[in-house]
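Structure file start_32.json; described as JSON, C-alpha atoms and all ligand atoms.
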```json
[["chain", "number", "residue", "atom", "x", "y", "z"],
["A", 25, "MET", "CA", -159.13, -84.84, 98.87],
["A", 26, "SER", "CA", -156.03, -86.25, 97.21],
["A", 27, "ASP", "CA", -155.88, -89.89, 96.20],
["A", 28, "ILE", "CA", -153.27, -90.61, 98.83],
["A", 29, "LEU", "CA", -155.33, -88.98, 101.58],
["A", 30, "SER", "CA", -158.51, -90.78, 100.67],
["A", 31, "ARG", "CA", -156.59, -94.05, 100.48],
["A", 32, "ARG", "CA", -155.13, -93.46, 103.93],
["A", 33, "LYS", "CA", -158.59, -92.70, 105.24],
["A", 34, "LEU", "CA", -159.95, -95.87, 103.76],
["A", 35, "ILE", "CA", -157.22, -98.02, 105.28],
["A", 36, "LYS", "CA", -157.66, -96.26, 108.63],
["A", 37, "THR", "CA", -161.41, -96.76, 108.65],
["A", 38, "GLY", "CA", -160.97, -100.34, 107.50],
["A", 39, "ILE", "CA", -158.51, -101.25, 110.23],
["A", 40, "ALA", "CA", -160.54, -99.49, 112.92],
["A", 41, "ALA", "CA", -163.79, -101.07, 111.78],
["A", 42, "ALA", "CA", -162.23, -104.52, 111.64],
["A", 43, "ALA", "CA", -160.77, -104.07, 115.13],
["A", 44, "GLY", "CA", -164.08, -102.70, 116.40],
["A", 45, "ALA", "CA", -165.99, -105.68, 115.09],
["A", 46, "SER", "CA", -163.50, -107.65, 117.21],
["A", 47, "SER", "CA", -162.30, -109.31, 114.05],
["A", 48, "LEU", "CA", -158.70, -108.81, 115.05],
["A", 49, "GLY", "CA", -157.52, -111.27, 112.41],
["A", 50, "LEU", "CA", -159.00, -109.06, 109.69],
["A", 51, "ALA", "CA", -157.48, -105.92, 111.22],
["A", 52, "THR", "CA", -154.09, -107.61, 111.20],
["A", 53, "LEU", "CA", -154.58, -108.70, 107.60],
["A", 54, "LEU", "CA", -155.41, -105.14, 106.54],
["A", 55, "ALA", "CA", -152.44, -103.77, 108.42],
["A", 56, "ASP", "CA", -150.16, -106.35, 106.81],
["A", 57, "ARG", "CA", -151.35, -105.46, 103.29],
["A", 58, "ASN", "CA", -150.37, -101.88, 104.02],
["A", 59, "GLY", "CA", -146.94, -102.63, 105.47],
["A", 60, "LEU", "CA", -147.98, -101.79, 109.02],
["A", 61, "ILE", "CA", -147.03, -104.95, 110.89],
["A", 62, "PRO", "CA", -144.35, -104.29, 113.53],
["A", 63, "PRO", "CA", -141.52, -106.86, 113.78],
["A", 64, "ASP", "CA", -142.73, -108.18, 117.16],
["A", 65, "HIS", "CA", -146.27, -108.98, 115.96],
["A", 66, "SER", "CA", -145.79, -112.66, 116.65],
["A", 67, "GLY", "CA", -144.68, -111.95, 120.21],
["A", 68, "ILE", "CA", -146.87, -112.23, 123.29],
["A", 69, "TYR", "CA", -148.88, -109.11, 122.48],
["A", 70, "GLY", "CA", -149.14, -109.76, 118.72],
["A", 71, "VAL", "CA", -152.45, -108.27, 117.69],
["A", 72, "GLY", "CA", -152.35, -105.40, 120.19],
["A", 73, "GLU", "CA", -148.89, -104.39, 118.98],
["A", 74, "THR", "CA", -150.06, -104.34, 115.37],
["A", 75, "LEU", "CA", -153.07, -102.16, 116.16],
["A", 76, "THR", "CA", -151.03, -99.69, 118.22],
["A", 77, "TYR", "CA", -148.37, -99.33, 115.55],
["A", 78, "ALA", "CA", -150.81, -99.22, 112.60],
["A", 79, "ALA", "CA", -153.00, -96.64, 114.34],
["A", 80, "GLN", "CA", -149.98, -94.46, 115.21],
["A", 81, "ARG", "CA", -148.61, -94.53, 111.69],
["A", 82, "LEU", "CA", -152.01, -93.79, 110.11],
["A", 83, "LEU", "CA", -153.34, -91.21, 112.56],
["A", 84, "THR", "CA", -150.23, -89.21, 113.35],
["A", 85, "ALA", "CA", -148.63, -87.01, 110.74],
["A", 86, "ARG", "CA", -145.26, -88.43, 109.73],
["A", 87, "HIS", "CA", -143.34, -85.43, 110.89],
["A", 88, "SER", "CA", -145.43, -84.41, 113.88],
["A", 89, "LEU", "CA", -142.96, -82.98, 116.36],
["A", 90, "ALA", "CA", -142.18, -84.01, 119.91],
["A", 91, "ARG", "CA", -142.44, -81.17, 122.40],
["A", 92, "GLU", "CA", -139.29, -79.07, 122.87],
["A", 93, "TYR", "CA", -138.55, -77.47, 126.24],
["A", 94, "ASN", "CA", -136.54, -74.47, 127.41],
["A", 95, "ARG", "CA", -133.05, -74.64, 128.87],
["A", 96, "SER", "CA", -134.56, -73.54, 132.20],
["A", 97, "ASP", "CA", -136.55, -76.81, 132.23],
["A", 98, "ILE", "CA", -133.42, -79.00, 132.18],
["A", 99, "SER", "CA", -133.48, -81.51, 135.06],
["A", 100, "LYS", "CA", -130.82, -81.25, 137.77],
["A", 101, "ILE", "CA", -130.50, -85.01, 137.90],
["A", 102, "ALA", "CA", -130.45, -87.28, 134.84],
["A", 103, "PRO", "CA", -130.76, -90.95, 135.83],
["A", 104, "VAL", "CA", -128.83, -93.61, 133.91],
["A", 105, "LYS", "CA", -130.13, -96.92, 132.64],
["A", 106, "GLY", "CA", -127.48, -99.22, 131.18],
["A", 107, "GLU", "CA", -123.95, -98.63, 132.48],
["A", 108, "PRO", "CA", -121.01, -98.25, 130.03],
["A", 109, "PRO", "CA", -120.02, -101.54, 128.41],
["A", 110, "GLU", "CA", -117.27, -103.38, 130.28],
["A", 111, "ASN", "CA", -115.78, -105.08, 127.24],
["A", 112, "GLU", "CA", -112.16, -104.47, 126.38],
["A", 113, "THR", "CA", -112.85, -102.80, 122.99],
["A", 114, "TYR", "CA", -115.12, -100.13, 124.44],
["A", 115, "GLN", "CA", -112.86, -99.49, 127.45],
["A", 116, "ARG", "CA", -109.82, -99.09, 125.17],
["A", 117, "LEU", "CA", -111.65, -96.63, 122.87],
["A", 118, "ALA", "CA", -112.88, -94.66, 125.89],
["A", 119, "ALA", "CA", -109.35, -94.49, 127.36],
["A", 120, "GLY", "CA", -108.19, -92.92, 124.08],
["A", 121, "GLY", "CA", -110.91, -90.24, 124.20],
["A", 122, "PHE", "CA", -112.72, -92.09, 121.39],
["A", 123, "ALA", "CA", -110.16, -90.80, 118.85],
["A", 124, "ASP", "CA", -110.02, -94.31, 117.32],
["A", 125, "TRP", "CA", -113.78, -94.87, 117.49],
["A", 126, "ARG", "CA", -115.61, -95.16, 114.17],
["A", 127, "LEU", "CA", -119.33, -95.39, 113.55],
["A", 128, "LYS", "CA", -119.92, -97.95, 110.83],
["A", 129, "ILE", "CA", -122.97, -97.65, 108.56],
["A", 130, "ASP", "CA", -123.73, -100.59, 106.30],
["A", 131, "GLY", "CA", -126.59, -102.56, 104.75],
["A", 132, "LEU", "CA", -128.95, -101.11, 102.13],
["A", 133, "VAL", "CA", -126.88, -98.00, 101.43],
["A", 134, "ALA", "CA", -125.11, -96.86, 98.27],
["A", 135, "ARG", "CA", -121.92, -95.96, 100.17],
["A", 136, "PRO", "CA", -121.16, -98.03, 103.30],
["A", 137, "SER", "CA", -119.13, -95.69, 105.51],
["A", 138, "LEU", "CA", -117.11, -95.17, 108.66],
["A", 139, "PHE", "CA", -117.46, -91.87, 110.55],
["A", 140, "SER", "CA", -115.08, -90.59, 113.20],
["A", 141, "LEU", "CA", -116.41, -88.47, 116.05],
["A", 142, "ALA", "CA", -114.72, -85.40, 114.54],
["A", 143, "GLU", "CA", -116.41, -86.05, 111.19],
["A", 144, "LEU", "CA", -119.83, -86.26, 112.82],
["A", 145, "GLN", "CA", -119.10, -83.07, 114.73],
["A", 146, "ARG", "CA", -118.26, -81.26, 111.47],
["A", 147, "CYS", "CA", -121.76, -82.04, 110.11],
["A", 148, "PRO", "CA", -124.53, -79.45, 110.69],
["A", 149, "SER", "CA", -125.30, -79.64, 114.41],
["A", 150, "GLU", "CA", -128.52, -79.00, 116.31],
["A", 151, "ASN", "CA", -129.54, -78.53, 119.93],
["A", 152, "HIS", "CA", -132.84, -79.84, 121.25],
["A", 153, "VAL", "CA", -134.25, -79.86, 124.78],
["A", 154, "PHE", "CA", -136.36, -83.02, 125.09],
["A", 155, "HIS", "CA", -138.12, -85.05, 127.74],
["A", 156, "GLN", "CA", -136.83, -88.63, 127.99],
["A", 157, "ALA", "CA", -138.92, -91.25, 129.76],
["A", 158, "CYS", "CA", -137.96, -94.81, 130.70],
["A", 159, "GLU", "CA", -140.53, -97.59, 130.78],
["A", 160, "GLU", "CA", -139.55, -98.00, 134.46],
["A", 161, "GLY", "CA", -141.38, -94.78, 135.31],
["A", 162, "TRP", "CA", -138.68, -92.11, 135.71],
["A", 163, "SER", "CA", -137.92, -89.33, 133.28],
["A", 164, "PHE", "CA", -135.79, -86.22, 132.82],
["A", 165, "ILE", "CA", -135.37, -83.22, 130.55],
["A", 166, "ALA", "CA", -131.99, -82.59, 128.93],
["A", 167, "GLU", "CA", -130.45, -80.74, 126.03],
["A", 168, "TRP", "CA", -128.93, -82.90, 123.32],
["A", 169, "THR", "CA", -126.45, -81.80, 120.65],
["A", 170, "GLY", "CA", -125.91, -83.82, 117.51],
["A", 171, "VAL", "CA", -126.47, -84.31, 113.81],
["A", 172, "ARG", "CA", -129.76, -85.37, 112.29],
["A", 173, "LEU", "CA", -129.82, -89.07, 111.47],
["A", 174, "SER", "CA", -131.45, -88.09, 108.14],
["A", 175, "TYR", "CA", -128.38, -85.99, 107.24],
["A", 176, "ILE", "CA", -126.10, -89.01, 107.68],
["A", 177, "LEU", "CA", -128.56, -91.31, 105.87],
["A", 178, "ASN", "CA", -128.50, -88.92, 102.91],
["A", 179, "LEU", "CA", -124.69, -88.95, 102.90],
["A", 180, "VAL", "CA", -124.54, -92.74, 102.69],
["A", 181, "GLY", "CA", -127.50, -92.94, 100.27],
["A", 182, "VAL", "CA", -130.31, -95.13, 101.57],
["A", 183, "LEU", "CA", -131.66, -97.55, 98.94],
["A", 184, "PRO", "CA", -135.42, -97.54, 98.22],
["A", 185, "ARG", "CA", -135.92, -101.06, 99.65],
["A", 186, "ALA", "CA", -134.94, -99.89, 103.15],
["A", 187, "ARG", "CA", -137.57, -100.46, 105.84],
["A", 188, "TYR", "CA", -135.63, -100.34, 109.11],
["A", 189, "VAL", "CA", -132.55, -98.74, 110.59],
["A", 190, "VAL", "CA", -130.91, -101.00, 113.18],
["A", 191, "PHE", "CA", -128.66, -99.68, 115.99],
["A", 192, "PHE", "CA", -126.01, -101.76, 117.77],
["A", 193, "GLY", "CA", -124.26, -100.55, 120.90],
["A", 194, "PHE", "CA", -120.97, -101.86, 122.29],
["A", 195, "ASP", "CA", -123.06, -103.80, 124.80],
["A", 196, "THR", "CA", -124.10, -106.18, 121.98],
["A", 197, "ASN", "CA", -122.07, -108.81, 120.15],
["A", 198, "PHE", "CA", -122.69, -106.82, 116.95],
["A", 199, "ASP", "CA", -119.72, -108.45, 115.22],
["A", 200, "ALA", "CA", -121.27, -111.92, 115.49],
["A", 201, "VAL", "CA", -120.80, -113.87, 112.26],
["A", 202, "ASP", "CA", -124.29, -115.30, 112.55],
["A", 203, "LYS", "CA", -126.67, -112.36, 112.99],
["A", 204, "ARG", "CA", -129.20, -114.62, 114.68],
["A", 205, "SER", "CA", -126.88, -114.97, 117.64],
["A", 206, "ILE", "CA", -126.76, -111.22, 118.30],
["A", 207, "ARG", "CA", -127.87, -110.44, 121.87],
["A", 208, "GLY", "CA", -127.93, -107.37, 124.07],
["A", 209, "LYS", "CA", -129.05, -103.76, 123.66],
["A", 210, "TRP", "CA", -129.71, -103.45, 119.96],
["A", 211, "ASN", "CA", -132.82, -101.79, 118.59],
["A", 212, "SER", "CA", -134.44, -100.76, 115.32],
["A", 213, "ILE", "CA", -136.77, -98.04, 114.04],
["A", 214, "ASP", "CA", -138.85, -97.70, 110.88],
["A", 215, "MET", "CA", -138.09, -95.20, 108.12],
["A", 216, "VAL", "CA", -140.69, -92.71, 109.41],
["A", 217, "ASP", "CA", -138.68, -92.29, 112.61],
["A", 218, "ALA", "CA", -135.37, -92.57, 110.74],
["A", 219, "TRP", "CA", -136.17, -89.58, 108.50],
["A", 220, "HIS", "CA", -137.87, -87.59, 111.28],
["A", 221, "PRO", "CA", -136.28, -84.15, 111.72],
["A", 222, "GLN", "CA", -135.90, -84.54, 115.51],
["A", 223, "THR", "CA", -134.14, -87.92, 115.33],
["A", 224, "LEU", "CA", -130.53, -87.20, 116.26],
["A", 225, "LEU", "CA", -127.19, -88.90, 116.56],
["A", 226, "ALA", "CA", -126.22, -87.08, 119.76],
["A", 227, "TYR", "CA", -122.63, -86.49, 120.92],
["A", 228, "GLY", "CA", -123.38, -83.72, 123.43],
["A", 229, "MET", "CA", -125.61, -83.36, 126.49],
["A", 230, "ASN", "CA", -126.42, -80.22, 128.46],
["A", 231, "GLY", "CA", -123.66, -78.26, 126.72],
["A", 232, "GLN", "CA", -120.92, -80.85, 127.44],
["A", 233, "GLU", "CA", -119.51, -83.89, 125.70],
["A", 234, "LEU", "CA", -121.94, -86.79, 126.03],
["A", 235, "PRO", "CA", -121.07, -88.26, 129.46],
["A", 236, "MET", "CA", -119.96, -91.89, 129.31],
["A", 237, "PRO", "CA", -122.95, -93.36, 131.20],
["A", 238, "HIS", "CA", -125.34, -91.51, 128.87],
["A", 239, "GLY", "CA", -123.92, -93.27, 125.83],
["A", 240, "ALA", "CA", -120.53, -91.85, 124.80],
["A", 241, "PRO", "CA", -119.30, -91.18, 122.28],
["A", 242, "VAL", "CA", -122.57, -91.13, 120.29],
["A", 243, "ARG", "CA", -126.13, -92.27, 120.98],
["A", 244, "LEU", "CA", -129.45, -92.14, 119.23],
["A", 245, "ARG", "CA", -132.01, -89.64, 120.54],
["A", 246, "LEU", "CA", -135.50, -90.45, 119.37],
["A", 247, "PRO", "CA", -137.88, -88.07, 121.16],
["A", 248, "ARG", "CA", -141.16, -89.65, 120.00],
["A", 249, "GLN", "CA", -140.50, -93.00, 121.67],
["A", 250, "LEU", "CA", -139.57, -94.21, 125.17],
["A", 251, "GLY", "CA", -135.92, -93.83, 126.21],
["A", 252, "GLY", "CA", -135.22, -97.52, 125.74],
["A", 253, "LYS", "CA", -135.30, -97.03, 121.93],
["A", 254, "SER", "CA", -132.48, -94.46, 122.08],
["A", 255, "THR", "CA", -129.50, -96.80, 121.75],
["A", 256, "LYS", "CA", -126.35, -95.66, 123.57],
["A", 257, "TYR", "CA", -122.63, -96.45, 122.98],
["A", 258, "LEU", "CA", -123.23, -96.79, 119.23],
["A", 259, "SER", "CA", -120.90, -98.86, 117.12],
["A", 260, "LEU", "CA", -122.82, -100.02, 114.05],
["A", 261, "ILE", "CA", -125.90, -98.81, 112.17],
["A", 262, "THR", "CA", -127.39, -101.20, 109.60],
["A", 263, "VAL", "CA", -130.06, -100.23, 107.08],
["A", 264, "THR", "CA", -132.21, -103.21, 106.14],
["A", 265, "ASP", "CA", -135.49, -104.39, 104.67],
["A", 266, "THR", "CA", -136.02, -107.04, 107.36],
["A", 267, "VAL", "CA", -135.09, -107.59, 110.99],
["A", 268, "GLN", "CA", -136.19, -111.20, 110.93],
["A", 269, "ASP", "CA", -132.64, -112.49, 110.65],
["A", 270, "ILE", "CA", -131.27, -110.44, 113.55],
["A", 271, "GLY", "CA", -131.34, -111.97, 117.04],
["A", 272, "LYS", "CA", -134.67, -113.65, 117.56],
["A", 273, "GLY", "CA", -136.20, -111.54, 114.79],
["A", 274, "PHE", "CA", -138.41, -109.22, 116.89],
["A", 275, "GLY", "CA", -136.61, -105.99, 115.98],
["A", 276, "ALA", "CA", -134.87, -105.31, 119.28],
["A", 277, "GLY", "CA", -133.00, -106.99, 122.10],
["A", 278, "GLY", "CA", -135.54, -105.65, 124.58],
["A", 279, "THR", "CA", -138.42, -107.06, 122.57],
["A", 280, "GLU", "CA", -136.96, -110.52, 123.21],
["A", 281, "ARG", "CA", -137.34, -109.76, 126.91],
["A", 282, "GLY", "CA", -141.01, -108.72, 126.65],
["A", 283, "PHE", "CA", -140.92, -104.98, 125.83],
["A", 284, "SER", "CA", -142.88, -103.81, 122.81],
["A", 285, "TRP", "CA", -140.89, -102.86, 119.71],
["A", 286, "TYR", "CA", -142.88, -99.70, 119.05],
["A", 287, "ALA", "CA", -142.69, -97.47, 122.14],
["A", 288, "GLY", "CA", -144.38, -94.31, 120.86],
["A", 289, "ILE", "CA", -145.30, -91.59, 123.35],
["B", 301, "LIG", "N1", -126.58, -99.46, 124.36],
["B", 301, "LIG", "C1", -127.56, -99.23, 125.26],
["B", 301, "LIG", "N2", -128.49, -98.29, 124.97],
["B", 301, "LIG", "C2", -129.48, -98.03, 125.86],
["B", 301, "LIG", "C3", -129.59, -98.74, 127.06],
["B", 301, "LIG", "C4", -128.59, -99.72, 127.34],
["B", 301, "LIG", "O1", -128.59, -100.39, 128.39],
["B", 301, "LIG", "N3", -127.60, -99.93, 126.41],
["B", 301, "LIG", "N4", -130.65, -98.49, 127.93],
["B", 301, "LIG", "C5", -131.83, -97.89, 127.31],
["B", 301, "LIG", "C6", -132.86, -97.46, 128.25],
["B", 301, "LIG", "S1", -133.90, -98.65, 128.88],
["B", 301, "LIG", "C7", -133.08, -96.13, 128.50],
["B", 301, "LIG", "S2", -134.40, -95.62, 129.40],
["B", 301, "LIG", "C8", -132.15, -95.11, 128.03],
["B", 301, "LIG", "C9", -131.52, -94.44, 129.22],
["B", 301, "LIG", "O2", -130.70, -93.38, 128.82],
["B", 301, "LIG", "P1", -129.86, -92.62, 129.93],
["B", 301, "LIG", "O3", -129.00, -93.63, 130.64],
["B", 301, "LIG", "O4", -129.10, -91.57, 129.22],
["B", 301, "LIG", "O5", -130.86, -92.03, 130.90],
["B", 301, "LIG", "O6", -131.12, -95.62, 127.21],
["B", 301, "LIG", "C10", -131.47, -96.72, 126.41],
["B", 301, "LIG", "N5", -130.37, -97.05, 125.55],
["B", 302, "MO", "MO", -135.68, -97.55, 129.70]]
```

Translate the structure of the given file into structure tokens.
Ligand SMILES: Nc1nc2c(c(=O)[nH]1)N[C@H]1C(S)=C(S)[C@@H](COP(=O)(O)O)O[C@H]1N2
Ligand SMILES: [Mo]
Amino acid sequence: MSDILSRRKLIKTGIAAAAGASSLGLATLLADRNGLIPPDHSGIYGVGETLTYAAQRLLTARHSLAREYNRSDISKIAPVKGEPPENETYQRLAAGGFADWRLKIDGLVARPSLFSLAELQRCPSENHVFHQACEEGWSFIAEWTGVRLSYILNLVGVLPRARYVVFFGFDTNFDAVDKRSIRGKWNSIDMVDAWHPQTLLAYGMNGQELPMPHGAPVRLRLPRQLGGKSTKYLSLITVTDTVQDIGKGFGAGGTERGFSWYAGI
């Protein structure tokens, strides 16, 4: 067994044993030492959230794949959660066919960048048929077209300190001067999900342009977590080593309203 594997096994056994002995404090301590504390650990479900996230990251192979379906499985109806933003900026960009829209990528990157829709569409594109489930109980299967997030992250050059990638939709006040006052539908993922080969920036759905209510012009599609993590109406992506200074510091707008940050399925 390689050193890394035996170390992983040791940490895994240690965390499980500590949790089993109902010494949740010790389990949390072990998880913390190994960088496995999710940003919402101090929230209502603190210890439980840490154990779920730590167990997932230790037990599941980093690049284990979400199930892919066939085109014949595509649902006839795709429900919508989160209508298009009503603010003037988004409505103006939409009226212009998103020709003036730019996706900004900043933070811990060597080359902060702006991407137009056409530029994203010129990157290598992929089609994936995934199941998307909402925490409310409904789900649907759809085909998504887009570019791998990892491809874009490589273009901008992620710095080694990076721990999270944060997504802001037009239904957030992402341009707030004080990041702590950011509210709305922002979310963040860790670098395992960010580099995952099925994590897409999607601009197409079921063979068409991404329909407005499904997140036009570009949304995240993260097939290994609940739909709520797949931020729509993207405007800004920030690479960071901490989410503590964004909003209330729990890693997502939804987490401030009681949802767990890690929504693995
Ligand atoms: N910007 C933004 N992204 C969002 C939401 C939202 O309201 N705003 N809703 C989330 C939730 S809870 C779900 S389940 C999915 C729904 O995606 P859909 O409308 O394409 O079905 O988008 C997620 N992404
Ligand atoms: Mo959702």

Check your understanding: So how many Å separate CA of Ala226 in chain A and CA of Ser205 in chain A, to one decimal?
Key -> 28.0 Å

Practice item. Name each residue within 6 Å of ligand LIG 301 (chain B), counting only C-alpha atoms and all ligand atoms, as a VMD selection string. Key: chain A and resid 103 to 106 158 193 195 209 238 251 to 257

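Minimum distance to ligand MO 302 (chain B) across A:Tyr93, A:Trp162, A:Trp168, A:Phe274 (counting all atoms listed in the file) occurs at A:Trp162.
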
Review point. Between CA of Gln156 in chain A and CA of Glu107 in chain A, what is the distance, to one decimal in Å?
Key: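 Straight-line distance from CA of Gln156 in chain A to CA of Glu107 in chain A works out to 16.9 Å.
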
Exercise for review: Would you be able to write out as an NGL selection string which residues have an atom within 7 Å of (-152.4, -105.2, 115.1) in the file's coordinates, counting all atoms listed in the file?
Suggested key: :A and (51-52 or 55 or 61 or 70-76 or 78)

Point to revise | Residue contacts of Asn211 in chain A (7 Å, all atoms listed in the file) excluding same-chain residues fewer than 5 positions away, as a list in words | key: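 Surrounding residues, per the criterion: Val190, Phe191, Phe192, Lys253, Thr255, Gly275, Ala276 and Gly277 of chain A.
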
Practice item. Rounded to one decimal place, report the CA of Ala134 in chain A-CA of Asp64 in chain A distance in Å. Key: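 Between CA of Ala134 in chain A and CA of Asp64 in chain A the gap is 28.2 Å.
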
**Study point:** Residue among A:Asn178, A:Gln80, A:Asn58, A:Gln145 lying closest to Gly288 in chain A, counting only C-alpha atoms
**Key:**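 That would be A:Gln80, the residue with the smallest distance to Gly288 in chain A.
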
Practice item. Kindly indicate which residue among A:Phe283, A:Leu53, A:His155, A:Lys272 lies nearest to ligand MO 302 (chain B), using only C-alpha atoms and all ligand atoms for the distances. Key: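 For ligand MO 302 (chain B), the nearest of the candidates is A:Phe283.
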
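All protein, DNA and RNA residues at most 12 Å from (-133.2, -88.6, 104.7) are Val133, Arg172, Leu173, Ser174, Tyr175, Ile176, Leu177, Asn178, Leu179, Val180, Gly181, Val182, Leu183, Pro184, Ala186, Val189, Met215, Val216, Asp217, Ala218, Trp219, His220, Pro221, Gln222, Thr223 and Leu224 of chain A, using only C-alpha atoms.
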
Exercise for review: Point out the residue among A:Ala157, A:Leu225, A:Arg95, A:Leu127 with the least atom-to-atom distance to ligand MO 302 (chain B), counting all atoms listed in the file.
Suggested key: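 Using all atoms listed in the file, ligand MO 302 (chain B) sits closest to A:Ala157.
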
Point to revise | Which of A:Glu112, A:Asp214, A:Asp124, A:Asp97 sits closest to Asp265 in chain A [using all atoms listed in the file] | key: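 Of the candidates, the smallest distance to Asp265 in chain A is held by A:Asp214.
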
Check your understanding: From the list A:Gln232, A:Gly278, A:Ala287, A:Ile165, which residue is nearest Ala102 in chain A when using all atoms listed in the file?
Key ->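 Using all atoms listed in the file, Ala102 in chain A sits closest to A:Ile165.
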
Writing C-alpha atoms and nothing else, produce range 182-195 of chain A as a JSON list (two decimals), in the first residue's frame.
```json
[["chain", "number", "residue", "atom", "x", "y", "z"],
["A", 182, "VAL", "CA", -5.38, 28.45, -10.26],
["A", 183, "LEU", "CA", -2.83, 29.19, -7.51],
["A", 184, "PRO", "CA", -1.85, 26.35, -5.14],
["A", 185, "ARG", "CA", -3.47, 28.04, -2.11],
["A", 186, "ALA", "CA", -6.94, 27.72, -3.65],
["A", 187, "ARG", "CA", -9.48, 25.79, -1.57],
["A", 188, "TYR", "CA", -12.86, 26.90, -2.91],
["A", 189, "VAL", "CA", -14.44, 28.13, -6.10],
["A", 190, "VAL", "CA", -17.29, 30.57, -5.41],
["A", 191, "PHE", "CA", -20.15, 31.21, -7.88],
["A", 192, "PHE", "CA", -22.24, 34.39, -7.95],
["A", 193, "GLY", "CA", -25.41, 34.68, -10.01],
["A", 194, "PHE", "CA", -27.11, 37.91, -11.09],
["A", 195, "ASP", "CA", -29.58, 37.27, -8.27]]
```
